[in-house]
$ cat run_34.cif   # mmCIF, C-alpha atoms
data_my_file
loop_
_atom_site.label_atom_id
_atom_site.label_comp_id
_atom_site.auth_asym_id
_atom_site.auth_seq_id
_atom_site.Cartn_x
_atom_site.Cartn_y
_atom_site.Cartn_z
CA THR P 1 40.46 -1.66 -96.21
CA THR P 2 37.31 -3.70 -96.71
CA MET P 3 35.24 -0.86 -95.30
CA LYS P 4 36.85 1.59 -97.75
CA TYR P 5 35.94 -0.63 -100.71
CA ILE P 6 32.37 -1.01 -99.45
CA SER P 7 32.06 2.74 -98.97
CA ALA P 8 33.40 3.40 -102.47
CA ALA P 9 31.02 0.86 -104.00
CA LEU P 10 28.08 2.40 -102.18
CA PHE P 11 29.10 5.89 -103.31
CA PHE P 12 29.19 4.93 -106.98
CA ALA P 13 25.95 2.99 -106.68
CA LEU P 14 24.23 6.08 -105.31
CA PHE P 15 25.97 8.86 -107.22
CA GLY P 16 28.07 7.29 -109.96
CA ALA P 17 25.44 7.38 -112.66
CA ALA P 18 24.25 10.80 -113.76
CA ALA P 19 20.72 11.46 -112.62
CA ALA P 20 18.17 11.81 -115.39
CA GLU P 21 16.87 15.33 -115.91
CA SER P 22 13.19 16.15 -115.95
CA CYS P 23 11.40 17.93 -118.78
CA PRO P 24 10.54 21.56 -117.99
CA ASP P 25 6.97 22.84 -118.15
CA ASP P 26 7.81 25.34 -120.89
CA LEU P 27 9.12 23.75 -124.07
CA PRO P 28 10.78 25.81 -126.83
CA GLY P 29 9.26 24.27 -129.97
CA LYS P 30 5.65 24.23 -131.12
CA VAL P 31 3.82 22.90 -134.17
CA GLU P 32 0.08 23.02 -134.86
CA LEU P 33 -2.44 21.29 -137.08
CA GLU P 34 -4.32 24.09 -138.78
CA GLY P 35 -7.99 24.19 -137.89
CA SER P 36 -7.78 21.23 -135.51
CA GLY P 37 -7.18 22.88 -132.16
CA LEU P 38 -4.24 20.50 -131.61
CA ALA P 39 -0.69 21.65 -130.88
CA PHE P 40 2.52 19.80 -130.03
CA HIS P 41 5.06 21.52 -127.79
CA TYR P 42 8.50 19.93 -127.71
CA GLY P 43 12.17 20.25 -126.93
CA ILE P 44 15.30 18.12 -126.94
CA LEU P 45 16.68 17.46 -123.46
CA GLU P 46 20.37 17.70 -124.24
CA ALA P 47 21.69 15.94 -121.13
CA ASP P 48 19.49 12.87 -121.59
CA GLN P 49 19.26 12.90 -125.41
CA ALA P 50 15.50 12.68 -125.10
CA LEU P 51 12.43 14.25 -126.66
CA CYS P 52 10.16 16.11 -124.25
CA GLY P 53 6.66 16.29 -125.70
CA LYS P 54 3.38 17.93 -124.73
CA LEU P 55 0.17 17.48 -126.76
CA VAL P 56 -2.43 20.20 -126.13
CA SER P 57 -5.98 19.95 -127.49
CA ASN P 58 -8.60 22.66 -127.15
CA ASP P 59 -11.25 20.07 -126.38
CA GLU P 60 -11.59 16.80 -124.48
CA ALA P 61 -10.40 13.97 -126.71
CA TRP P 62 -7.73 11.33 -127.06
CA VAL P 63 -4.56 12.67 -128.69
CA GLY P 64 -1.62 11.08 -130.45
CA PHE P 65 1.88 11.64 -131.80
CA GLY P 66 3.75 9.44 -134.26
CA ALA P 67 7.08 9.09 -136.07
CA GLN P 68 8.04 7.66 -139.43
CA PRO P 69 11.42 7.47 -141.19
CA ALA P 70 12.37 10.31 -143.51
CA GLY P 71 10.12 10.58 -146.57
CA VAL P 72 7.42 8.18 -145.32
CA ARG P 73 4.18 10.19 -145.23
CA GLN P 74 1.68 7.57 -144.11
CA MET P 75 0.11 6.33 -140.90
CA ILE P 76 0.69 2.61 -141.32
CA GLY P 77 4.02 1.53 -139.87
CA ALA P 78 4.42 4.53 -137.58
CA HIS P 79 5.73 4.31 -134.05
CA SER P 80 3.12 6.21 -132.07
CA ILE P 81 2.31 7.58 -128.64
CA ILE P 82 -1.37 7.75 -127.74
CA ALA P 83 -2.90 9.41 -124.69
CA LEU P 84 -6.21 7.91 -123.56
CA PRO P 85 -7.86 10.12 -120.91
CA LEU P 86 -10.47 7.53 -119.93
CA GLU P 87 -7.72 5.04 -119.08
CA ASN P 88 -5.33 7.71 -117.78
CA THR P 89 -2.53 6.30 -119.94
CA VAL P 90 0.11 7.65 -122.33
CA GLN P 91 1.65 4.65 -124.08
CA GLN P 92 3.52 3.50 -127.18
CA TYR P 93 1.77 1.70 -130.03
CA SER P 94 2.53 0.27 -133.46
CA LEU P 95 0.19 1.46 -136.20
CA ASN P 96 -0.22 -1.66 -138.32
CA ALA P 97 -3.52 -0.85 -140.03
CA LYS P 98 -6.15 1.88 -140.32
CA ILE P 99 -8.53 0.08 -138.00
CA ALA P 100 -8.64 -0.14 -134.21
CA GLU P 101 -7.49 -3.76 -134.25
CA GLY P 102 -4.37 -2.73 -136.15
CA ILE P 103 -3.23 -0.30 -133.45
CA VAL P 104 -1.20 -2.53 -131.16
CA ARG P 105 0.22 -1.57 -127.79
CA ILE P 106 3.97 -2.20 -127.64
CA GLU P 107 4.80 -4.74 -124.95
CA LYS P 108 7.95 -3.00 -123.68
CA GLN P 109 6.97 0.54 -122.68
CA THR P 110 9.91 2.95 -122.35
CA LEU P 111 8.27 6.36 -121.95
CA THR P 112 8.82 8.33 -118.77
CA GLU P 113 7.20 11.45 -117.26
CA THR P 114 3.85 10.57 -118.80
CA SER P 115 0.59 12.26 -117.85
CA VAL P 116 -2.79 13.09 -119.33
CA THR P 117 -5.09 15.66 -117.76
CA GLN P 118 -8.31 17.39 -118.73
CA GLU P 119 -9.42 20.73 -117.37
CA ASP P 120 -11.84 23.42 -118.57
CA GLY P 121 -12.61 21.44 -121.71
CA THR P 122 -8.98 20.94 -122.77
CA THR P 123 -6.64 17.93 -122.91
CA VAL P 124 -2.92 17.98 -122.09
CA ALA P 125 -0.67 14.92 -122.44
CA THR P 126 3.05 14.80 -121.70
CA PHE P 127 5.86 12.29 -122.24
CA LYS P 128 9.62 11.89 -122.43
CA GLN P 129 11.16 9.53 -124.99
CA LEU P 130 14.81 8.76 -125.68
CA LEU P 131 15.97 9.79 -129.15
CA SER P 132 17.30 6.28 -129.69
CA ASP P 133 14.80 3.85 -128.23
CA GLU P 134 14.35 0.15 -128.98
CA GLY P 135 15.36 0.57 -132.62
CA VAL P 136 13.41 3.81 -133.14
CA VAL P 137 15.68 6.79 -133.87
CA LEU P 138 14.20 10.29 -133.76
CA THR P 139 15.82 13.19 -135.66
CA SER P 140 14.67 16.31 -137.48
CA ASP P 141 14.60 14.23 -140.68
CA ASN P 142 11.74 12.01 -139.53
CA VAL P 143 8.16 12.55 -140.67
CA TYR P 144 5.97 13.21 -137.62
CA LEU P 145 2.23 12.77 -137.21
CA LEU P 146 -0.32 14.42 -134.94
CA ALA P 147 -3.86 13.14 -134.39
CA LYS P 148 -6.84 13.67 -132.14
CA GLY P 149 -10.20 12.01 -131.70
CA SER P 150 -13.67 13.48 -131.66
CA SER P 151 -14.09 12.40 -128.02
CA ASN P 152 -12.32 10.53 -125.23
CA ASP P 153 -13.46 7.22 -126.72
CA PHE P 154 -10.63 5.83 -128.80
CA GLY P 155 -11.61 5.46 -132.45
CA TYR P 156 -11.08 7.04 -135.85
CA HIS P 157 -9.28 10.38 -135.63
CA ALA P 158 -11.25 13.56 -136.19
CA ASN P 159 -8.07 15.35 -137.28
CA ARG P 160 -4.64 14.17 -138.32
CA GLY P 161 -1.70 15.48 -140.28
CA PHE P 162 2.06 15.52 -140.80
CA VAL P 163 4.43 18.00 -139.20
CA THR P 164 8.15 18.78 -139.20
CA LEU P 165 10.14 19.14 -135.99
CA ASP P 166 13.38 21.11 -135.58
CA PHE P 167 15.59 19.35 -133.05
CA GLU P 168 18.65 21.53 -133.65
CA THR P 169 17.20 24.86 -132.52
CA ASN P 170 14.79 23.68 -129.83
CA VAL P 171 17.28 22.39 -127.28
CA ILE P 172 16.83 22.30 -123.51
CA SER P 173 20.42 22.85 -122.52
CA SER P 174 20.54 22.43 -118.75
CA SER P 175 18.70 21.26 -115.65
CA THR P 176 17.73 24.85 -114.96
CA GLY P 177 15.24 24.58 -117.79
CA SER P 178 17.02 27.09 -120.02
CA THR P 179 16.41 26.64 -123.72
CA GLU P 180 18.18 27.47 -126.92
CA ALA P 181 15.98 28.94 -129.62
CA PRO P 182 16.76 30.61 -132.95
CA MET P 183 17.57 34.32 -132.79
CA THR P 184 16.99 37.04 -135.37
CA THR P 185 19.74 39.45 -136.41
CA GLY P 186 18.06 42.10 -134.28
CA GLY P 187 18.63 40.04 -131.16
CA THR P 188 15.02 39.09 -130.47
CA GLU P 189 13.84 35.53 -130.22
CA ALA P 190 12.31 34.17 -133.39
CA SER P 191 9.07 32.27 -133.17
CA SER P 192 9.50 28.52 -133.25
CA THR P 193 5.84 27.87 -133.98
CA THR P 194 4.96 26.27 -137.30
CA THR P 195 1.60 25.29 -138.71
CA SER P 196 0.75 22.22 -140.74
CA THR P 197 -2.13 22.11 -143.14
CA GLY P 198 -2.40 18.38 -142.55
CA GLY P 199 -0.76 17.26 -145.76
CA THR P 200 -1.71 14.20 -147.75
CA GLU P 201 -1.05 10.62 -146.84
CA ALA P 202 0.71 8.34 -149.26
CA SER P 203 -1.31 5.39 -150.39
#
$ encode --input "run_34.cif" --output "structure tokens"
Amino acid sequence: TTMKYISAALFFALFGAAAAESCPDDLPGKVELEGSGLAFHYGILEADQALCGKLVSNDEAWVGFGAQPAGVRQMIGAHSIIALPLENTVQQYSLNAKIAEGIVRIEKQTLTETSVTQEDGTTVATFKQLLSDEGVVLTSDNVYLLAKGSSNDFGYHANRGFVTLDFETNVISSSTGSTEAPMTTGGTEASSTTTSTGGTEAS
């Protein structure tokens, strides 16, 4: 009897919790900052309730992504993710001021599947973040920010702007990597790419 209980405990320890799914290479959603050469590919991993993100820059530079509550169109106060190629890191930061000293690395890092690579003059950074994470809740209603530097050296952004993400139609529905995207009445897949002009930041 003891052996049966031990075997059962071992089974649940190994297989009881559902294994986390990985983000696929191809993500269904895409937004761009007009004229910046920076795009954000994304999708919602349904099984894990997580945001899969990929920042793609057409040159070698640090890149960043941020989130604010609905209606807040400003940098200060945003929860951000910054990829620093020179340090080979993709980490979470609090944007407390518009100076380097005001961009503070969050002590408890919760991102997974992070990477930053540079090849043929481009930069690609990836991450996976839970939709509800340490008090930060991500939905389609949030205001999102994209930014990139003028080089790999972290400093003032060369380009930045606000974008809108659509979590409802850009869903990664299974571990096979299949995605759900909006369809037209003619049965062809509608483009999920949107372009931001950068917008204006509230004072």
$ resolve_selection --input "run_34.cif" --expression "the PyMOL selection byres ((chain P and resi 113) around 6)" --output "PyMOL selection string"
chain P and resi 112+114+127-128
$ residues_around --input "run_34.cif" --residues "Ala83 in chain P" --least-positions-apart "5" --cutoff "10 Å" --atoms "all atoms listed in the file" --output "list in words"
Leu55, Ala61, Trp62, Val63, Gly64, Phe65, Asn88, Thr89, Val90, Gln91, Gln92, Thr114, Ser115, Val116, Thr117, Thr123, Val124, Ala125, Thr126, Phe127, Lys148, Asn152 and Phe154 of chain P
$ closest_residue --input "run_34.cif" --among "P:Leu130, P:Val136, P:Val143, P:Ile76" --to "Ala50 in chain P" --atoms "all atoms listed in the file"
P:Leu130
$ resolve_selection --input "run_34.cif" --expression "the PyMOL selection byres ((chain P and resi 110) around 8)" --output "list in words"
Lys108, Gln109, Leu111, Thr112, Gln129 and Asp133 of chain P
$ resolve_selection --input "run_34.cif" --expression "the PyMOL selection byres ((chain P and resi 131) around 12)" --output "list in words"
Gly43, Ile44, Leu45, Glu46, Ala47, Asp48, Gln49, Ala50, Leu51, Cys52, Gly53, Ala67, Thr110, Leu111, Lys128, Gln129, Leu130, Ser132, Asp133, Glu134, Gly135, Val136, Val137, Leu138, Thr139, Ser140, Asn142 and Phe167 of chain P
$ atom_distance --input "run_34.cif" --atom1 "CA of Val104 in chain P" --atom2 "CA of Cys23 in chain P"
27.0 Å
$ closest_residue --input "run_34.cif" --among "P:Leu165, P:Leu33, P:Met75, P:Ala70" --to "Asn58 in chain P" --atoms "all atoms listed in the file"
P:Leu33
$ atom_distance --input "run_34.cif" --atom1 "CA of Phe40 in chain P" --atom2 "CA of Ile99 in chain P"
24.0 Å
$ atom_distance --input "run_34.cif" --atom1 "CA of Asp59 in chain P" --atom2 "CA of Glu119 in chain P"
9.2 Å
